[in-house]
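entry_15.cif (mmCIF, C-alpha atoms)
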data_query
loop_
_atom_site.label_atom_id
_atom_site.label_comp_id
_atom_site.auth_asym_id
_atom_site.auth_seq_id
_atom_site.Cartn_x
_atom_site.Cartn_y
_atom_site.Cartn_z
CA MET A 1 2.67 -6.53 11.60
CA THR A 2 3.52 -4.41 14.53
CA SER A 3 4.55 -0.79 14.17
CA SER A 4 7.72 -1.37 16.16
CA GLY A 5 8.71 -4.38 14.02
CA LEU A 6 8.23 -2.45 10.81
CA SER A 7 10.02 0.61 12.19
CA GLN A 8 13.00 -1.45 13.29
CA ALA A 9 13.19 -3.27 9.96
CA VAL A 10 13.09 -0.22 7.67
CA LYS A 11 15.64 1.71 9.71
CA LYS A 12 18.16 -0.97 8.76
CA VAL A 13 17.60 -0.67 4.99
CA PRO A 14 17.75 3.03 4.02
CA GLN A 15 18.79 2.04 0.49
CA LEU A 16 15.48 0.23 -0.09
CA GLU A 17 13.87 1.20 -3.40
CA LYS A 18 10.89 -1.18 -3.52
CA LEU A 19 8.51 -2.15 -0.76
CA HIS A 20 5.34 -4.14 -1.27
CA LEU A 21 3.07 -4.56 1.75
CA THR A 22 0.14 -6.85 1.10
CA TYR A 23 -2.57 -7.88 3.53
CA ILE A 24 -0.61 -6.41 6.42
CA SER A 25 -2.13 -4.02 8.90
CA THR A 26 -0.33 -0.68 8.74
CA LYS A 27 -0.99 2.76 10.14
CA ALA A 28 -0.22 6.12 8.59
CA GLU A 29 2.61 6.50 11.12
CA ASP A 30 4.18 3.28 9.77
CA ILE A 31 4.04 4.67 6.25
CA GLU A 32 5.74 7.88 7.36
CA VAL A 33 8.49 5.89 9.11
CA ILE A 34 9.04 3.96 5.89
CA GLY A 35 9.23 7.13 3.81
CA TRP A 36 11.54 9.00 6.17
CA ASN A 37 13.90 6.05 6.64
CA CYS A 38 13.93 4.93 3.00
CA PRO A 39 14.49 8.14 1.02
CA ARG A 40 15.33 6.18 -2.16
CA LEU A 41 11.95 4.45 -2.23
CA LYS A 42 10.72 4.39 -5.83
CA SER A 43 8.01 1.72 -5.72
CA PHE A 44 5.45 1.26 -2.96
CA ILE A 45 2.51 -1.11 -2.85
CA LEU A 46 0.04 -0.92 -0.02
CA ALA A 47 -2.64 -3.56 -0.45
CA LYS A 48 -5.00 -3.59 2.48
CA GLU A 49 -7.05 -6.63 3.43
CA TYR A 50 -9.46 -7.40 0.63
CA PHE A 51 -12.64 -6.88 2.62
CA SER A 52 -12.09 -3.65 4.49
CA GLU A 53 -15.09 -1.42 5.05
CA PRO A 54 -15.39 0.69 1.89
CA PHE A 55 -17.58 3.48 3.26
CA ILE A 56 -15.12 4.68 5.87
CA GLU A 57 -13.23 7.60 4.34
CA SER A 58 -9.66 8.20 5.41
CA ASN A 59 -6.82 10.09 3.81
CA LYS A 60 -4.25 9.35 6.51
CA ASP A 61 -2.33 6.83 4.38
CA ALA A 62 -2.44 9.12 1.35
CA LEU A 63 -1.17 12.10 3.33
CA ALA A 64 1.61 9.98 4.83
CA ILE A 65 2.67 8.89 1.34
CA ALA A 66 2.45 12.44 -0.02
CA ASN A 67 4.49 13.89 2.85
CA SER A 68 7.21 11.27 3.16
CA MET A 69 7.74 9.60 -0.25
CA PRO A 70 8.50 12.35 -2.77
CA GLU A 71 10.70 10.12 -4.97
CA LEU A 72 8.01 7.53 -5.77
CA ARG A 73 7.72 6.45 -9.39
CA HIS A 74 5.25 3.60 -8.86
CA LEU A 75 2.40 3.49 -6.35
CA GLN A 76 -0.33 0.93 -5.89
CA LEU A 77 -3.06 1.37 -3.30
CA SER A 78 -5.48 -1.52 -3.19
CA ASN A 79 -8.66 -1.40 -1.18
CA SER A 80 -7.73 1.96 0.28
CA ASN A 81 -10.29 4.29 1.81
CA ILE A 82 -8.76 7.43 0.27
CA THR A 83 -10.92 10.13 -1.21
CA ASN A 84 -10.24 12.63 -3.98
CA ASP A 85 -8.52 14.92 -1.45
CA GLY A 86 -6.06 12.15 -0.57
CA LEU A 87 -5.38 11.40 -4.23
CA GLN A 88 -4.80 15.09 -4.91
CA ALA A 89 -2.31 15.20 -2.01
CA ILE A 90 -0.43 12.26 -3.54
CA LEU A 91 -0.27 14.02 -6.92
CA ASP A 92 0.96 17.20 -5.21
CA GLY A 93 3.59 15.41 -3.10
CA CYS A 94 4.85 12.75 -5.52
CA HIS A 95 5.84 14.66 -8.64
CA TYR A 96 7.70 11.77 -10.28
CA LEU A 97 4.85 9.25 -10.36
CA GLU A 98 4.83 7.27 -13.59
CA SER A 99 2.37 4.59 -12.58
CA LEU A 100 -0.52 4.76 -10.15
CA ASP A 101 -2.96 1.96 -9.39
CA VAL A 102 -6.00 2.92 -7.33
CA ARG A 103 -8.25 0.01 -8.19
CA MET A 104 -10.65 -1.00 -5.43
CA CYS A 105 -10.52 2.47 -3.88
CA TYR A 106 -14.27 2.93 -3.62
CA ASN A 107 -14.30 6.46 -2.22
CA LEU A 108 -12.74 8.01 -5.32
CA ASP A 109 -14.80 9.85 -7.90
CA LEU A 110 -12.65 10.09 -11.01
CA HIS A 111 -15.31 11.35 -13.38
CA GLY A 112 -14.31 15.00 -12.99
CA ASN A 113 -11.13 17.07 -13.22
CA LEU A 114 -9.08 14.86 -10.90
CA GLY A 115 -9.55 11.81 -13.12
CA GLY A 116 -8.50 13.86 -16.14
CA LEU A 117 -5.46 15.19 -14.31
CA CYS A 118 -4.40 11.66 -13.37
CA MET A 119 -4.77 10.45 -16.96
CA GLU A 120 -2.80 13.44 -18.18
CA ARG A 121 0.09 13.26 -15.66
CA ILE A 122 0.43 9.52 -15.00
CA LYS A 123 1.68 7.31 -17.85
CA ASP A 124 0.19 4.13 -16.39
CA PHE A 125 -2.97 5.03 -14.49
CA LYS A 126 -5.12 2.10 -13.37
CA HIS A 127 -8.46 2.68 -11.72
CA ASP A 128 -11.97 1.40 -11.60
CA SER A 129 -15.21 2.68 -10.26
CA THR A 130 -17.48 1.01 -7.78
CA GLU A 131 -19.90 0.23 -10.60
CA ASN A 132 -17.23 -1.61 -12.62
CA SER A 133 -15.54 -3.56 -9.85
CA ARG A 134 -16.05 -7.22 -9.03
CA ILE A 135 -17.50 -6.47 -5.59
CA HIS A 136 -20.12 -3.84 -5.14
CA PRO A 137 -19.64 -2.60 -1.56
CA GLN A 138 -23.27 -1.59 -1.21
CA ILE A 139 -24.39 -5.22 -1.49
CA HIS A 140 -21.47 -6.86 0.30
CA ASP A 141 -22.56 -8.66 3.47
CA TYR A 142 -19.85 -8.33 6.12
CA ASP A 143 -21.46 -10.99 8.34
CA TYR A 144 -19.85 -13.66 6.18
CA LEU A 145 -16.26 -12.48 6.63
CA ASP A 146 -15.58 -15.00 9.38
CA ASP A 147 -16.45 -17.84 6.99
CA LEU A 148 -13.94 -16.75 4.36
CA ASP A 149 -10.51 -18.32 4.18
CA PHE A 150 -7.86 -15.76 3.23
CA PRO A 151 -4.48 -14.97 4.79
CA ARG A 152 -4.50 -12.89 7.95
CA ARG A 153 -1.05 -13.79 9.22
CA SER A 154 1.09 -10.93 10.44
CA TYR A 155 4.55 -11.76 9.15
CA VAL A 156 6.58 -9.08 10.91
CA ASP A 157 5.10 -10.08 14.27
CA ASP A 158 7.60 -12.95 14.10
CA TYR A 159 10.47 -10.44 13.90
CA SER A 160 12.22 -9.65 17.14
CA GLU A 161 15.28 -7.56 17.87
CA GLY A 162 17.40 -10.70 18.23
CA ASP A 163 16.54 -11.92 14.73
CA SER A 164 18.56 -11.05 11.70
CA LEU A 165 16.86 -8.72 9.25
CA GLU A 166 18.24 -10.95 6.51
CA ASP A 167 16.42 -13.94 8.06
CA LEU A 168 13.15 -12.02 8.12
CA ILE A 169 13.57 -10.88 4.51
CA ARG A 170 14.46 -14.42 3.36
CA GLN A 171 11.33 -15.76 5.08
CA LEU A 172 9.13 -13.07 3.54
CA GLU A 173 10.66 -13.68 0.09
CA TYR A 174 10.17 -17.43 0.46
CA GLU A 175 6.51 -16.97 1.31
CA GLY A 176 6.06 -14.52 -1.58
CA ILE A 177 5.20 -11.59 0.68
CA VAL A 178 7.96 -9.21 -0.38
CA ARG A 179 10.51 -8.82 -3.10
CA TYR A 180 13.66 -7.35 -1.61
CA ARG A 181 16.34 -5.94 -3.86
CA ARG A 182 19.79 -5.56 -2.38
CA PHE A 183 21.96 -2.62 -3.41
CA ARG A 184 25.62 -2.38 -2.62
#

Can you turn what I pasted into structure tokens?
Amino acid sequence: MTSSGLSQAVKKVPQLEKLHLTYISTKAEDIEVIGWNCPRLKSFILAKEYFSEPFIESNKDALAIANSMPELRHLQLSNSNITNDGLQAILDGCHYLESLDVRMCYNLDLHGNLGGLCMERIKDFKHDSTENSRIHPQIHDYDYLDDLDFPRRSYVDDYSEGDSLEDLIRQLEYEGIVRYRRFR
């Protein structure tokens, strides 16, 4: 996915309430563009590639969500590199969250006050710890990534200014990448 393709697409659907981005490369700036151009966004899923490097800490995505998506009710971050500071920013910026899924976010430590706060404020709070997850990042061997067969296609790269947004959405729906809900 290119930043310009995503930016062009979301500017045309300000009424969008659900957006699920899975296995697509996005930057914090893309997330801010989504939030600013889709003020009705209630559900956002950002599922990074399954085997990203878990030890790199970054709160850029979390801060972008916190600063530009105040109406969120449902948020799922999979395989994100956020830390407790990023999660706290999301809680501070997204007051209406009802469900939050931070499974496979290996840089979170939810054993203290922040974990308790999430359980208290969020009706449906899903999380796991590094010790309880299926992949333990400390023993994962990244040399074998090239041998794995999982999708790496960038779907919005195929979108150009001459294409219809409806055509892109139909293609993404057909391939199971997004669920687009039309509001009139």

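The interatomic distance for the pair CA of Asp92 (chain A) and CA of Ile65 (chain A) works out to 10.7 Å.
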
Which one is closest to Leu63 (chain A): A:Ala28, A:Leu100, A:Asp124, A:Gly5? Count all atoms listed in the file. A:Ala28

Residues matched by the PyMOL selection byres ((chain A and resi 58) around 9) as a list in words: Ile56, Glu57, Asn59, Lys60, Asp61, Ala62, Ser80, Asn81, Ile82, Thr83 and Gly86 of chain A

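With CA of Leu87 (chain A) on one side and CA of Asn37 (chain A) on the other, the separation reads 22.8 Å.
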
Kindly extract all protein, DNA and RNA residues lying within 10 Å of the coordinates (3.6, 11.7, -4.5) given in the file, considering only C-alpha atoms, and supply them as a short mmCIF file (atom, residue, chain, number, x, y, z; two decimals) with C-alpha atoms, in the coordinates of the input.
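As written to disk, result14.cif reads:
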data_model
loop_
_atom_site.label_atom_id
_atom_site.label_comp_id
_atom_site.auth_asym_id
_atom_site.auth_seq_id
_atom_site.Cartn_x
_atom_site.Cartn_y
_atom_site.Cartn_z
CA ALA A 62 -2.44 9.12 1.35
CA LEU A 63 -1.17 12.10 3.33
CA ALA A 64 1.61 9.98 4.83
CA ILE A 65 2.67 8.89 1.34
CA ALA A 66 2.45 12.44 -0.02
CA ASN A 67 4.49 13.89 2.85
CA SER A 68 7.21 11.27 3.16
CA MET A 69 7.74 9.60 -0.25
CA PRO A 70 8.50 12.35 -2.77
CA GLU A 71 10.70 10.12 -4.97
CA LEU A 72 8.01 7.53 -5.77
CA ARG A 73 7.72 6.45 -9.39
CA HIS A 74 5.25 3.60 -8.86
CA LEU A 75 2.40 3.49 -6.35
CA LEU A 87 -5.38 11.40 -4.23
CA GLN A 88 -4.80 15.09 -4.91
CA ALA A 89 -2.31 15.20 -2.01
CA ILE A 90 -0.43 12.26 -3.54
CA LEU A 91 -0.27 14.02 -6.92
CA ASP A 92 0.96 17.20 -5.21
CA GLY A 93 3.59 15.41 -3.10
CA CYS A 94 4.85 12.75 -5.52
CA HIS A 95 5.84 14.66 -8.64
CA TYR A 96 7.70 11.77 -10.28
CA LEU A 97 4.85 9.25 -10.36
CA LEU A 100 -0.52 4.76 -10.15
#

Resolved residues for the PyMOL selection byres ((chain A and resi 122) around 8) as a CSV table (one decimal) with C-alpha atoms, in the coordinates of the input:
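Contents of result.csv, freshly written:
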chain,number,residue,atom,x,y,z
A,97,LEU,CA,4.8,9.2,-10.4
A,98,GLU,CA,4.8,7.3,-13.6
A,99,SER,CA,2.4,4.6,-12.6
A,100,LEU,CA,-0.5,4.8,-10.2
A,118,CYS,CA,-4.4,11.7,-13.4
A,119,MET,CA,-4.8,10.4,-17.0
A,120,GLU,CA,-2.8,13.4,-18.2
A,121,ARG,CA,0.1,13.3,-15.7
A,123,LYS,CA,1.7,7.3,-17.8
A,124,ASP,CA,0.2,4.1,-16.4
A,125,PHE,CA,-3.0,5.0,-14.5

Taking the file as shown, what set of residues would the PyMOL selection byres ((chain A and resi 13) around 10) give back, as a compact mmCIF listing (two decimals) with C-alpha atoms, in the frame of the given file?
# COMPACT_ATOMS: atom_id res chain seq x y z
CA GLN A 8 13.00 -1.45 13.29
CA ALA A 9 13.19 -3.27 9.96
CA VAL A 10 13.09 -0.22 7.67
CA LYS A 11 15.64 1.71 9.71
CA LYS A 12 18.16 -0.97 8.76
CA PRO A 14 17.75 3.03 4.02
CA GLN A 15 18.79 2.04 0.49
CA LEU A 16 15.48 0.23 -0.09
CA GLU A 17 13.87 1.20 -3.40
CA ILE A 34 9.04 3.96 5.89
CA ASN A 37 13.90 6.05 6.64
CA CYS A 38 13.93 4.93 3.00
CA LEU A 165 16.86 -8.72 9.25
CA ARG A 182 19.79 -5.56 -2.38
CA PHE A 183 21.96 -2.62 -3.41

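Closest to Ala47 (chain A) among A:Ser25, A:Gly35, A:Leu77, A:Leu19 is A:Leu77, based on all atoms listed in the file.
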
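With CA of Asp128 (chain A) on one side and CA of Arg103 (chain A) on the other, the separation reads 5.2 Å.
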
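Distances from A:Leu117, A:Val102, A:Leu108, A:Leu6 to Ile31 (chain A) were compared using all atoms listed in the file, and the smallest one belongs to A:Leu6.
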
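Between Asn84 (chain A) and the candidates A:Ser43, A:Thr26, A:Asn107, A:Ser7, the tightest atom-to-atom separation, counting all atoms listed in the file, involves A:Asn107.
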
Step by step, gather every atom of region 12-29 of chain A that the file lists, find the box along x, y and z that holds them, add 3 Å on each side, and finally give centre and edge lengths in Å to one decimal, as AutoDock Vina command-line options.
--center_x 8.1 --center_y -0.7 --center_z 3.8 --size_x 27.4 --size_y 20.4 --size_z 20.6
